[in-house]
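Visitor: protein33.tsv (TSV, C-alpha atoms and all ligand atoms) pasted underneath:
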chain	number	residue	atom	x	y	z
A	1	MET	CA	-7.01	-21.20	-23.17
A	2	SER	CA	-9.46	-24.06	-22.86
A	3	VAL	CA	-11.02	-24.70	-19.46
A	4	SER	CA	-9.26	-28.04	-19.20
A	5	GLU	CA	-5.82	-26.43	-19.51
A	6	LYS	CA	-4.16	-25.42	-16.27
A	7	ALA	CA	-2.85	-21.88	-16.04
A	8	ALA	CA	0.90	-21.38	-15.83
A	9	TYR	CA	1.46	-20.06	-12.30
A	10	LEU	CA	4.55	-17.85	-12.48
A	11	ASP	CA	3.92	-15.79	-9.35
A	12	ASN	CA	5.73	-17.89	-6.76
A	13	ALA	CA	7.31	-14.87	-5.09
A	14	ALA	CA	3.78	-13.73	-4.15
A	15	THR	CA	2.95	-17.12	-2.68
A	16	THR	CA	3.92	-20.64	-3.56
A	17	ALA	CA	1.98	-23.91	-3.51
A	18	ILE	CA	1.89	-25.68	-0.16
A	19	LEU	CA	4.02	-28.85	-0.16
A	20	PRO	CA	1.97	-32.06	0.17
A	21	GLU	CA	3.98	-33.04	3.28
A	22	ALA	CA	3.23	-29.67	4.92
A	23	LEU	CA	-0.45	-29.93	3.98
A	24	GLU	CA	-0.65	-33.37	5.58
A	25	VAL	CA	0.86	-32.07	8.83
A	26	LEU	CA	-1.48	-29.07	8.76
A	27	TYR	CA	-4.53	-31.34	8.39
A	28	GLN	CA	-3.41	-33.73	11.11
A	29	GLU	CA	-2.66	-31.02	13.62
A	30	ALA	CA	-5.77	-28.97	12.81
A	31	ALA	CA	-7.82	-32.02	13.76
A	32	THR	CA	-6.16	-32.19	17.19
A	33	VAL	CA	-7.27	-30.00	20.07
A	34	GLY	CA	-4.82	-28.23	22.36
A	35	ASN	CA	-3.57	-24.75	23.28
A	36	ALA	CA	0.20	-24.78	23.67
A	37	SER	CA	-0.15	-22.62	26.79
A	38	SER	CA	-2.51	-25.04	28.60
A	39	LEU	CA	-1.08	-27.16	31.38
A	40	HIS	CA	-3.11	-30.35	30.80
A	41	GLY	CA	-2.19	-33.21	28.50
A	42	ALA	CA	-3.68	-31.71	25.32
A	43	GLY	CA	-1.86	-28.45	25.97
A	44	ARG	CA	1.42	-30.20	26.75
A	45	ARG	CA	1.12	-32.17	23.52
A	46	ALA	CA	0.62	-28.96	21.52
A	47	ARG	CA	3.56	-27.35	23.36
A	48	LYS	CA	5.77	-30.30	22.45
A	49	ILE	CA	4.86	-29.88	18.76
A	50	VAL	CA	5.57	-26.15	18.92
A	51	GLU	CA	8.94	-26.60	20.63
A	52	GLU	CA	10.02	-29.36	18.25
A	53	SER	CA	8.99	-27.16	15.33
A	54	ARG	CA	10.95	-24.26	16.82
A	55	GLU	CA	14.04	-26.50	16.94
A	56	ARG	CA	13.54	-27.65	13.34
A	57	ILE	CA	13.09	-24.11	12.04
A	58	ALA	CA	16.08	-22.89	14.05
A	59	ALA	CA	18.21	-25.67	12.55
A	60	ALA	CA	17.03	-24.73	9.05
A	61	VAL	CA	18.10	-21.07	9.46
A	62	GLY	CA	21.25	-21.48	11.53
A	63	ALA	CA	19.74	-20.06	14.70
A	64	LYS	CA	19.12	-21.22	18.26
A	65	PRO	CA	15.60	-22.41	19.10
A	66	GLN	CA	15.22	-19.63	21.71
A	67	GLU	CA	15.78	-17.11	18.93
A	68	VAL	CA	12.64	-18.09	17.01
A	69	ILE	CA	9.59	-15.88	17.68
A	70	PHE	CA	6.50	-17.10	15.82
A	71	THR	CA	4.23	-14.50	14.20
A	72	ALA	CA	1.25	-14.67	11.84
A	73	SER	CA	3.01	-13.16	8.81
A	74	GLY	CA	6.25	-11.77	7.50
A	75	THR	CA	4.56	-8.38	7.62
A	76	GLU	CA	3.95	-8.80	11.34
A	77	ALA	CA	7.53	-9.98	11.97
A	78	ASN	CA	8.87	-6.93	10.08
A	79	ASN	CA	6.59	-4.60	12.07
A	80	LEU	CA	7.73	-6.23	15.31
A	81	ALA	CA	11.37	-5.74	14.35
A	82	VAL	CA	11.00	-2.15	13.13
A	83	LYS	CA	8.66	-0.76	15.79
A	84	GLY	CA	9.99	-3.04	18.52
A	85	MET	CA	13.58	-1.85	18.04
A	86	PHE	CA	12.61	1.79	17.60
A	87	TRP	CA	10.36	1.90	20.66
A	88	GLN	CA	12.97	0.06	22.70
A	89	ALA	CA	15.54	2.71	21.81
A	90	GLN	CA	13.10	5.43	22.93
A	91	ASN	CA	12.42	3.53	26.19
A	92	ASP	CA	16.15	3.32	26.80
A	93	GLY	CA	16.08	7.12	26.94
A	94	GLU	CA	19.00	7.51	24.55
A	95	ALA	CA	17.14	9.84	22.17
A	96	LYS	CA	18.16	7.71	19.21
A	97	THR	CA	15.56	8.58	16.61
A	98	GLY	CA	17.53	7.76	13.45
A	99	ILE	CA	16.90	4.62	11.36
A	100	SER	CA	19.04	3.35	8.51
A	101	SER	CA	17.42	1.37	5.70
A	102	SER	CA	17.09	1.32	1.92
A	103	PRO	CA	14.56	2.62	-0.61
A	104	VAL	CA	14.05	-0.84	-2.15
A	105	GLU	CA	12.58	-2.54	0.93
A	106	HIS	CA	9.20	-4.28	0.80
A	107	HIS	CA	6.22	-2.19	1.91
A	108	ALA	CA	6.11	-4.30	5.08
A	109	ILE	CA	9.30	-2.44	6.08
A	110	LEU	CA	8.94	0.89	4.29
A	111	ASP	CA	5.42	1.61	5.51
A	112	PRO	CA	6.17	1.08	9.23
A	113	LEU	CA	9.33	3.18	8.77
A	114	GLU	CA	7.33	6.01	7.21
A	115	TRP	CA	4.70	5.64	9.92
A	116	LEU	CA	7.40	6.06	12.59
A	117	GLU	CA	8.69	9.10	10.71
A	118	ARG	CA	5.21	10.67	10.65
A	119	GLU	CA	3.99	9.67	14.09
A	120	SER	CA	7.12	9.53	16.21
A	121	GLY	CA	9.60	11.89	14.58
A	122	ALA	CA	11.94	9.14	13.32
A	123	GLN	CA	14.64	10.32	10.89
A	124	LEU	CA	15.12	7.92	7.98
A	125	HIS	CA	18.54	7.58	6.42
A	126	LEU	CA	18.09	5.57	3.24
A	127	ALA	CA	21.02	4.00	1.39
A	128	GLN	CA	21.79	4.57	-2.26
A	129	VAL	CA	21.09	1.65	-4.58
A	130	ASP	CA	22.60	0.95	-7.99
A	131	VAL	CA	20.80	0.36	-11.30
A	132	ASN	CA	20.23	-3.28	-10.35
A	133	GLY	CA	18.63	-2.41	-7.01
A	134	VAL	CA	21.68	-3.43	-4.98
A	135	ILE	CA	22.35	-1.43	-1.81
A	136	ASN	CA	25.65	0.45	-1.93
A	137	PRO	CA	27.64	-0.40	1.25
A	138	GLU	CA	29.69	2.79	0.90
A	139	SER	CA	26.58	4.89	1.29
A	140	ILE	CA	25.82	2.98	4.52
A	141	THR	CA	29.35	3.61	5.77
A	142	GLU	CA	28.79	7.32	5.12
A	143	ILE	CA	25.38	7.34	6.81
A	144	MET	CA	26.69	5.49	9.86
A	145	SER	CA	29.79	7.68	10.15
A	146	GLU	CA	27.72	10.83	10.01
A	147	HIS	CA	24.61	9.78	11.98
A	148	GLY	CA	25.68	6.58	13.79
A	149	ALA	CA	25.39	8.12	17.27
A	150	THR	CA	21.68	8.84	16.74
A	151	ILE	CA	20.71	5.67	14.83
A	152	SER	CA	18.49	3.29	16.79
A	153	PHE	CA	18.70	0.36	14.35
A	154	ALA	CA	19.22	-0.60	10.71
A	155	THR	CA	17.15	-2.84	8.44
A	156	PHE	CA	18.12	-4.10	4.99
A	157	MET	CA	16.39	-6.77	2.94
A	158	HIS	CA	18.32	-9.94	2.11
A	159	SER	CA	17.02	-10.07	-1.45
A	160	ASN	CA	14.62	-7.89	-3.35
A	161	ASN	CA	11.15	-9.26	-3.97
A	162	GLU	CA	10.62	-7.40	-7.27
A	163	VAL	CA	13.83	-7.65	-9.27
A	164	GLY	CA	15.42	-10.43	-7.20
A	165	ALA	CA	18.73	-8.65	-6.46
A	166	LEU	CA	20.70	-10.25	-3.63
A	167	GLN	CA	21.94	-7.72	-1.11
A	168	PRO	CA	25.34	-7.53	0.64
A	169	VAL	CA	23.77	-8.02	4.07
A	170	ALA	CA	26.82	-9.61	5.77
A	171	GLU	CA	28.88	-6.57	4.76
A	172	LEU	CA	26.16	-4.18	5.91
A	173	ALA	CA	25.96	-6.04	9.23
A	174	ASP	CA	29.72	-5.58	9.73
A	175	ILE	CA	29.33	-1.83	9.21
A	176	ALA	CA	26.37	-1.64	11.61
A	177	ARG	CA	28.27	-3.65	14.23
A	178	GLU	CA	31.25	-1.28	14.09
A	179	HIS	CA	28.82	1.41	15.22
A	180	GLN	CA	27.04	-0.85	17.77
A	181	ILE	CA	23.81	-0.48	15.83
A	182	PRO	CA	21.38	-3.44	15.91
A	183	ILE	CA	20.51	-4.71	12.45
A	184	HIS	CA	17.53	-6.61	11.07
A	185	THR	CA	17.18	-8.26	7.68
A	186	ASP	CA	13.99	-9.11	5.83
A	187	ALA	CA	14.89	-12.53	4.41
A	188	VAL	CA	11.35	-13.47	3.35
A	189	GLN	CA	12.33	-13.98	-0.30
A	190	SER	CA	15.71	-15.58	0.41
A	191	PHE	CA	14.77	-18.28	2.91
A	192	GLY	CA	14.60	-21.66	1.19
A	193	LYS	CA	15.94	-20.19	-2.09
A	194	VAL	CA	19.56	-19.31	-1.31
A	195	PRO	CA	21.85	-20.35	1.56
A	196	LEU	CA	20.87	-18.41	4.69
A	197	HIS	CA	22.49	-18.76	8.10
A	198	PHE	CA	21.35	-16.40	10.85
A	199	ALA	CA	24.43	-16.72	13.07
A	200	ASP	CA	26.93	-16.41	10.20
A	201	LEU	CA	25.16	-13.41	8.70
A	202	GLY	CA	25.94	-11.34	11.79
A	203	VAL	CA	22.52	-9.72	12.08
A	204	ASP	CA	20.50	-9.32	15.28
A	205	ALA	CA	17.12	-10.16	13.79
A	206	MET	CA	15.75	-11.72	10.60
A	207	THR	CA	12.28	-12.26	9.14
A	208	ILE	CA	11.16	-15.45	7.39
A	209	SER	CA	7.67	-16.44	6.22
A	210	GLY	CA	5.96	-19.82	5.76
A	211	HIS	CA	3.96	-19.35	2.58
A	212	LYS	CA	6.98	-18.42	0.45
A	213	ILE	CA	8.62	-21.82	1.02
A	214	GLY	CA	5.77	-24.26	0.59
A	215	GLY	CA	4.46	-23.86	4.12
A	216	PRO	CA	0.99	-22.58	4.95
A	217	LEU	CA	-0.21	-18.98	4.84
A	218	GLY	CA	-0.54	-17.20	8.17
A	219	VAL	CA	2.68	-18.26	9.87
A	220	ALA	CA	6.12	-16.67	9.92
A	221	ALA	CA	8.90	-15.90	12.38
A	222	LEU	CA	11.16	-13.17	13.58
A	223	ILE	CA	14.50	-14.75	14.42
A	224	ALA	CA	15.96	-12.49	17.12
A	225	LYS	CA	19.03	-12.76	19.32
A	226	LYS	CA	18.14	-13.15	22.99
A	227	THR	CA	20.17	-10.02	23.71
A	228	LEU	CA	18.02	-7.92	21.36
A	229	GLU	CA	15.38	-6.11	23.37
A	230	LEU	CA	12.12	-5.48	21.58
A	231	THR	CA	9.06	-3.58	22.76
A	232	PRO	CA	6.01	-5.74	21.92
A	233	LEU	CA	3.34	-4.72	19.42
A	234	LEU	CA	0.80	-7.11	20.92
A	235	HIS	CA	0.02	-7.43	24.60
A	236	GLY	CA	-1.87	-10.33	26.13
A	237	GLY	CA	-0.90	-13.78	27.30
A	238	GLY	CA	2.84	-13.11	27.15
A	239	GLN	CA	3.67	-15.87	24.68
A	240	GLU	CA	6.91	-15.89	22.67
A	241	ARG	CA	9.30	-14.26	25.16
A	242	GLU	CA	6.55	-11.80	26.08
A	243	VAL	CA	7.07	-9.97	22.78
A	244	ARG	CA	4.32	-11.62	20.76
A	245	SER	CA	1.20	-12.46	22.71
A	246	GLY	CA	-1.46	-14.65	21.13
A	247	THR	CA	-2.33	-18.36	21.11
A	248	LEU	CA	0.20	-20.14	18.96
A	249	HIS	CA	-1.06	-21.64	15.70
A	250	THR	CA	0.30	-25.13	16.37
A	251	PRO	CA	-0.88	-26.70	13.07
A	252	ALA	CA	0.62	-23.93	10.93
A	253	ILE	CA	3.84	-23.88	12.97
A	254	ALA	CA	4.28	-27.65	12.58
A	255	ALA	CA	3.61	-27.42	8.82
A	256	PHE	CA	6.02	-24.47	8.55
A	257	ALA	CA	8.75	-26.60	10.19
A	258	THR	CA	8.11	-29.41	7.70
A	259	ALA	CA	8.35	-27.00	4.75
A	260	ALA	CA	11.49	-25.39	6.21
A	261	GLU	CA	13.23	-28.75	6.50
A	262	ILE	CA	12.25	-29.84	3.01
A	263	SER	CA	13.22	-26.54	1.40
A	264	GLN	CA	16.63	-26.72	3.12
A	265	ALA	CA	17.18	-30.36	2.16
A	266	LYS	CA	16.30	-29.60	-1.47
A	267	LEU	CA	17.90	-26.16	-1.62
A	268	ASN	CA	20.65	-27.06	-4.08
A	269	SER	CA	18.63	-29.29	-6.37
A	270	ASN	CA	15.65	-26.92	-6.40
A	271	SER	CA	17.71	-23.83	-7.05
A	272	GLU	CA	19.64	-25.49	-9.86
A	273	ARG	CA	16.41	-26.58	-11.55
A	274	ILE	CA	14.72	-23.23	-10.97
A	275	ARG	CA	17.75	-21.33	-12.30
A	276	SER	CA	17.67	-23.35	-15.49
A	277	LEU	CA	13.93	-22.70	-15.92
A	278	ARG	CA	14.66	-18.99	-15.42
A	279	ALA	CA	17.38	-19.13	-18.08
A	280	ARG	CA	14.93	-20.84	-20.45
A	281	LEU	CA	12.33	-18.14	-19.82
A	282	ILE	CA	14.83	-15.31	-20.30
A	283	ALA	CA	16.17	-16.81	-23.52
A	284	GLY	CA	12.66	-17.42	-24.84
A	285	ILE	CA	11.42	-13.93	-24.04
A	286	THR	CA	14.45	-12.01	-25.25
A	287	GLN	CA	14.44	-13.99	-28.51
A	288	THR	CA	10.75	-13.36	-29.09
A	289	VAL	CA	10.33	-9.71	-28.10
A	290	SER	CA	12.28	-6.63	-29.16
A	291	ASP	CA	13.05	-3.74	-26.81
A	292	VAL	CA	12.92	-5.83	-23.68
A	293	ARG	CA	15.35	-5.64	-20.78
A	294	LEU	CA	15.98	-7.91	-17.84
A	295	ASN	CA	16.34	-6.14	-14.48
A	296	GLY	CA	18.16	-7.04	-11.26
A	297	GLY	CA	21.70	-7.67	-12.55
A	298	ALA	CA	23.73	-10.87	-12.47
A	299	ASN	CA	23.40	-11.78	-8.79
A	300	THR	CA	19.73	-12.57	-8.25
A	301	LEU	CA	17.48	-15.10	-6.59
A	302	PRO	CA	17.21	-18.26	-8.73
A	303	GLY	CA	13.51	-17.85	-9.44
A	304	ILE	CA	12.83	-14.17	-10.21
A	305	ALA	CA	12.92	-12.83	-13.77
A	306	HIS	CA	11.84	-9.20	-13.98
A	307	PHE	CA	11.45	-7.53	-17.37
A	308	THR	CA	10.74	-4.10	-18.76
A	309	PHE	CA	8.89	-4.06	-22.10
A	310	ASP	CA	9.25	-0.52	-23.46
A	311	GLY	CA	5.97	1.02	-24.58
A	312	ALA	CA	3.67	-1.54	-22.89
A	313	GLU	CA	1.85	-0.88	-19.59
A	314	GLY	CA	2.62	-3.52	-16.94
A	315	ASP	CA	-1.05	-3.81	-15.97
A	316	ALA	CA	-2.06	-4.44	-19.60
A	317	LEU	CA	0.66	-7.07	-19.93
A	318	LEU	CA	-0.48	-8.76	-16.74
A	319	LEU	CA	-4.14	-8.90	-17.75
A	320	LEU	CA	-3.41	-10.05	-21.31
A	321	LEU	CA	-1.08	-12.75	-19.98
A	322	ASP	CA	-3.71	-13.81	-17.47
A	323	ALA	CA	-6.23	-14.14	-20.28
A	324	GLN	CA	-3.73	-16.44	-22.00
A	325	GLY	CA	-3.36	-18.55	-18.85
A	326	VAL	CA	-0.11	-17.09	-17.59
A	327	GLN	CA	-0.12	-15.63	-14.08
A	328	CYS	CA	2.58	-13.19	-13.07
A	329	SER	CA	2.77	-9.84	-11.30
A	330	THR	CA	3.69	-6.16	-11.56
A	331	GLY	CA	5.47	-4.65	-8.61
A	332	SER	CA	3.35	-1.54	-8.83
A	333	ALA	CA	0.53	-0.69	-6.51
A	334	CYS	CA	-2.72	0.71	-7.83
A	335	SER	CA	-3.87	3.77	-5.98
A	336	ALA	CA	-7.21	5.39	-6.83
A	337	GLY	CA	-7.32	3.51	-10.12
A	338	ILE	CA	-4.03	4.96	-11.35
A	339	ALA	CA	-1.14	2.51	-11.66
A	340	GLN	CA	1.81	3.73	-9.62
A	341	PRO	CA	5.32	2.89	-10.74
A	342	SER	CA	7.21	0.60	-8.40
A	343	HIS	CA	9.26	2.42	-5.74
A	344	VAL	CA	12.00	-0.17	-6.30
A	345	LEU	CA	12.38	0.65	-10.00
A	346	ILE	CA	12.24	4.39	-9.29
A	347	ALA	CA	15.03	3.97	-6.70
A	348	MET	CA	17.02	2.13	-9.39
A	349	GLY	CA	16.79	5.29	-11.49
A	350	MET	CA	14.08	4.25	-13.97
A	351	ALA	CA	11.77	6.90	-15.36
A	352	PRO	CA	8.19	6.39	-14.07
A	353	LYS	CA	6.79	5.57	-17.52
A	354	ILE	CA	9.41	2.90	-18.13
A	355	ALA	CA	9.00	1.54	-14.60
A	356	ARG	CA	5.28	1.08	-15.30
A	357	SER	CA	6.17	-1.13	-18.27
A	358	SER	CA	7.53	-3.91	-16.11
A	359	ILE	CA	6.43	-7.34	-14.96
A	360	ARG	CA	7.84	-10.05	-12.72
A	361	PHE	CA	7.75	-13.78	-13.40
A	362	SER	CA	8.66	-15.89	-10.39
A	363	ILE	CA	9.44	-19.57	-10.57
A	364	GLY	CA	9.11	-22.09	-7.74
A	365	PRO	CA	9.84	-25.74	-7.04
A	366	SER	CA	6.57	-26.86	-8.62
A	367	THR	CA	7.06	-24.89	-11.86
A	368	THR	CA	7.30	-27.05	-14.99
A	369	GLU	CA	8.99	-26.53	-18.36
A	370	ALA	CA	5.51	-26.56	-19.90
A	371	GLU	CA	4.55	-23.50	-17.82
A	372	ILE	CA	7.67	-21.66	-18.94
A	373	ASP	CA	6.99	-22.61	-22.55
A	374	ARG	CA	3.42	-21.40	-22.33
A	375	ALA	CA	4.67	-17.97	-21.18
A	376	ILE	CA	7.19	-17.89	-24.03
A	377	SER	CA	4.58	-18.94	-26.58
A	378	VAL	CA	2.16	-16.12	-25.73
A	379	ILE	CA	4.49	-13.27	-24.79
A	380	GLY	CA	5.12	-11.99	-28.34
A	381	GLU	CA	1.46	-11.44	-29.15
A	382	VAL	CA	0.72	-10.08	-25.67
A	383	VAL	CA	3.45	-7.45	-25.94
A	384	VAL	CA	2.29	-6.42	-29.42
A	385	ARG	CA	-1.24	-5.91	-28.11
A	386	ALA	CA	-0.13	-4.10	-24.95
A	387	ARG	CA	2.13	-1.80	-26.99
A	388	ALA	CA	-0.70	-1.07	-29.42
A	389	ALA	CA	-3.01	-0.24	-26.49
A	390	GLY	CA	-0.27	1.96	-24.97
A	391	ALA	CA	0.22	3.86	-28.24
A	392	LYS	CA	-3.44	4.95	-28.39
A	401	LIG	C1	10.55	-9.13	0.93
A	401	LIG	C2	9.22	-9.37	1.58
A	401	LIG	N1	9.05	-9.01	2.85
A	401	LIG	C3	7.89	-9.22	3.50
A	401	LIG	C4	6.81	-9.79	2.86
A	401	LIG	C5	5.53	-9.99	3.60
A	401	LIG	O1	5.42	-11.30	4.03
A	401	LIG	P1	3.95	-11.91	4.37
A	401	LIG	O2	3.25	-12.12	3.07
A	401	LIG	O3	4.24	-13.19	5.10
A	401	LIG	O4	3.27	-10.91	5.23
A	401	LIG	C6	6.94	-10.18	1.52
A	401	LIG	C7	5.80	-10.76	0.79
A	401	LIG	O5	5.71	-10.65	-0.41
A	401	LIG	C8	8.18	-9.97	0.87
A	401	LIG	O6	8.37	-10.32	-0.42
Output the structure of this file as C-alpha cells.

Guide:
Amino acid sequence: MSVSEKAAYLDNAATTAILPEALEVLYQEAATVGNASSLHGAGRRARKIVEESRERIAAAVGAKPQEVIFTASGTEANNLAVKGMFWQAQNDGEAKTGISSSPVEHHAILDPLEWLERESGAQLHLAQVDVNGVINPESITEIMSEHGATISFATFMHSNNEVGALQPVAELADIAREHQIPIHTDAVQSFGKVPLHFADLGVDAMTISGHKIGGPLGVAALIAKKTLELTPLLHGGGQEREVRSGTLHTPAIAAFATAAEISQAKLNSNSERIRSLRARLIAGITQTVSDVRLNGGANTLPGIAHFTFDGAEGDALLLLLDAQGVQCSTGSACSAGIAQPSHVLIAMGMAPKIARSSIRFSIGPSTTEAEIDRAISVIGEVVVRARAAGAK
C-alpha cells in the first residue's frame, strides 16, 4: 500500500469514528468551564447540559431520564451492574449467591463474574449456546427452575461482539421475571445498530457505550430502573443517584447525546447500507477463498462478518491484512505470547485450532464500498500466505 492510500478500517465493532457533529459538541463543551455539581452559574450551565443530554439519551433508548446513570465506559457500566446487583443481594441478607449468564458474554461481563466466583463464592450458572452463539432460552428455563431461589440476578448480552449473533433477550427477560430475578443486558454492540427499547425489552438494566456509535471514547451509561437497587463501586461525591460518584464529563456526555440522536435518526438507512456492504464483503470473500465459513448464523448485527479460514492462524491473517492496508480483528486474546482461541467460538463448539483461524470484519456508517473492495482484493493472497505459514 502506498503511503498516500488510506487503510480500510473494518474494525468498527472495536471503536468507530466520532461523528463530526459529536466532535463539534465535544470541542465546544471542552472549552467551557463548569462542574455540573457546582451551584454557581458555570456549574448550573454544565448541569443543564448534562440533564438535557440525559433526556436525549433516554429518548434514544426508550428509557426515562432518571434511569440513565453515566459512567466512563461500557466496561464500568457492566461492572456496576454485575457487582452492584450481586453485592446488593448479599446486603439484603437473602443468601442469593447464584448468577445466571452465558459463556459468550464480553470479558467486561465474564471477568467480573469470575472474580465474584473466586472472591465472593458466587455460583455461576451459564446457559447453553448453539453453533451460532445464540443463547438457548430452554437452558435458562431449566437453570431458573432448578436454581431460581438462589439466583441474585441474570445478565445476557443483547448481541455478540465477535460473531454478531442477536440474542433472544426479551424472551430471557420474561423467564427471569417469572422467577422475580433482576436482569441486565449488555447492549453495547446493539445500540445504534438495531432497534433497542429499554422499557419494551423488559430488562431492569442495560449497558450502552458512546464510542461504538460515533460518540467519544470515555463515556457510557448504565440504564437502570429506579426500583433496581445497586451497591456502588465508586464512593465519593454521590453523583448519579449515589451509585456512581465522580465529576461528570459534561463535554463527553453532550457529545454522546448528539451521537445517540443521530444514530437513532439514521438507524434504518445506516443499517440497510451497512447490511449491503456486509453482503458484498461476504460474497467477495466466499467467491475468492476456498474452505472459508461465515459464523454467527442468519440473525446478526448488520455490520459484523466473522469468518473462519481453515488452516490459517487468525493472528497471521490480521497482520498480513494490516500490511495490505486492511484493519480488522481476531476475537482471541494473547496471553504470554500464545494466541488463545476465543471463548465465544469455543462455547459454540469449535475446536481450538479452528477457532484460532478466525477473524472479524466490522462495518460502520463511515465504511465505503472501496474499503470493502480493498479487503476482497487482498484476501485471497493473504489467506494463501497465512495457510502456507501455518503449514510449516
Ligand atoms: C459487548 C461489549 N460489551 C462491553 C464492551 C466494553 O465497552 P467499553 O469499550 O465502552 O468499555 C464492549 C467493547 O468492545 C463490547 O463489545

Visitor: For a cutoff of 8 Å around the file-coordinate point (14.0, -13.1, 4.4), which residues qualify once you count only C-alpha atoms? I'd like the result as a list of chain:residue names.

Guide: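 Result, sorted by chain then residue number: A:Met157, A:His158, A:Ser159, A:Thr185, A:Asp186, A:Ala187, A:Val188, A:Gln189, A:Ser190, A:Phe191, A:Met206, A:Thr207, A:Ile208, A:Ser209.
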
Visitor: Name the residues in contact with A:Gln88 at a cut-off of 12 Å, using all atoms listed in the file, excluding same-chain residues fewer than 6 positions from it; report them as number ranges by chain.

Guide: A: 80-82, 94-97, 152-153, 182, 228-233, 243

Visitor: Nearest residue to A:Ala108 out of A:Gly41, A:Pro137, A:Gly246, A:Gly74, using only C-alpha atoms?

Guide: A:Gly74

Visitor: Would you be able to write out as a ChimeraX atom specification which residues have an atom within 10 Å of (8.5, -18.1, -11.0) in the file's coordinates, counting all atoms listed in the file?

Guide: /A:8-14,16,274-275,277-278,281,302-306,327-328,360-368,371-372

Visitor: Can you work out which one of A:Met350, A:Ala22, A:Asn91, A:Asp310 has the shortest atom-to-atom distance to A:Val384, counting only C-alpha atoms?

Guide: A:Asp310

Visitor: Could you tell me how far atom CA of A:Ala59 sits from atom CA of A:His197, in Å to one decimal place?

Guide: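 Interatomic distance, atom CA of A:His197 to atom CA of A:Ala59: 9.3 Å.
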
Visitor: Calculate how many Å separate atom CA of A:Val68 from atom CA of A:Lys225, rounding to one decimal.

Guide: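 Separation of atom CA of A:Val68 and atom CA of A:Lys225: 8.6 Å.
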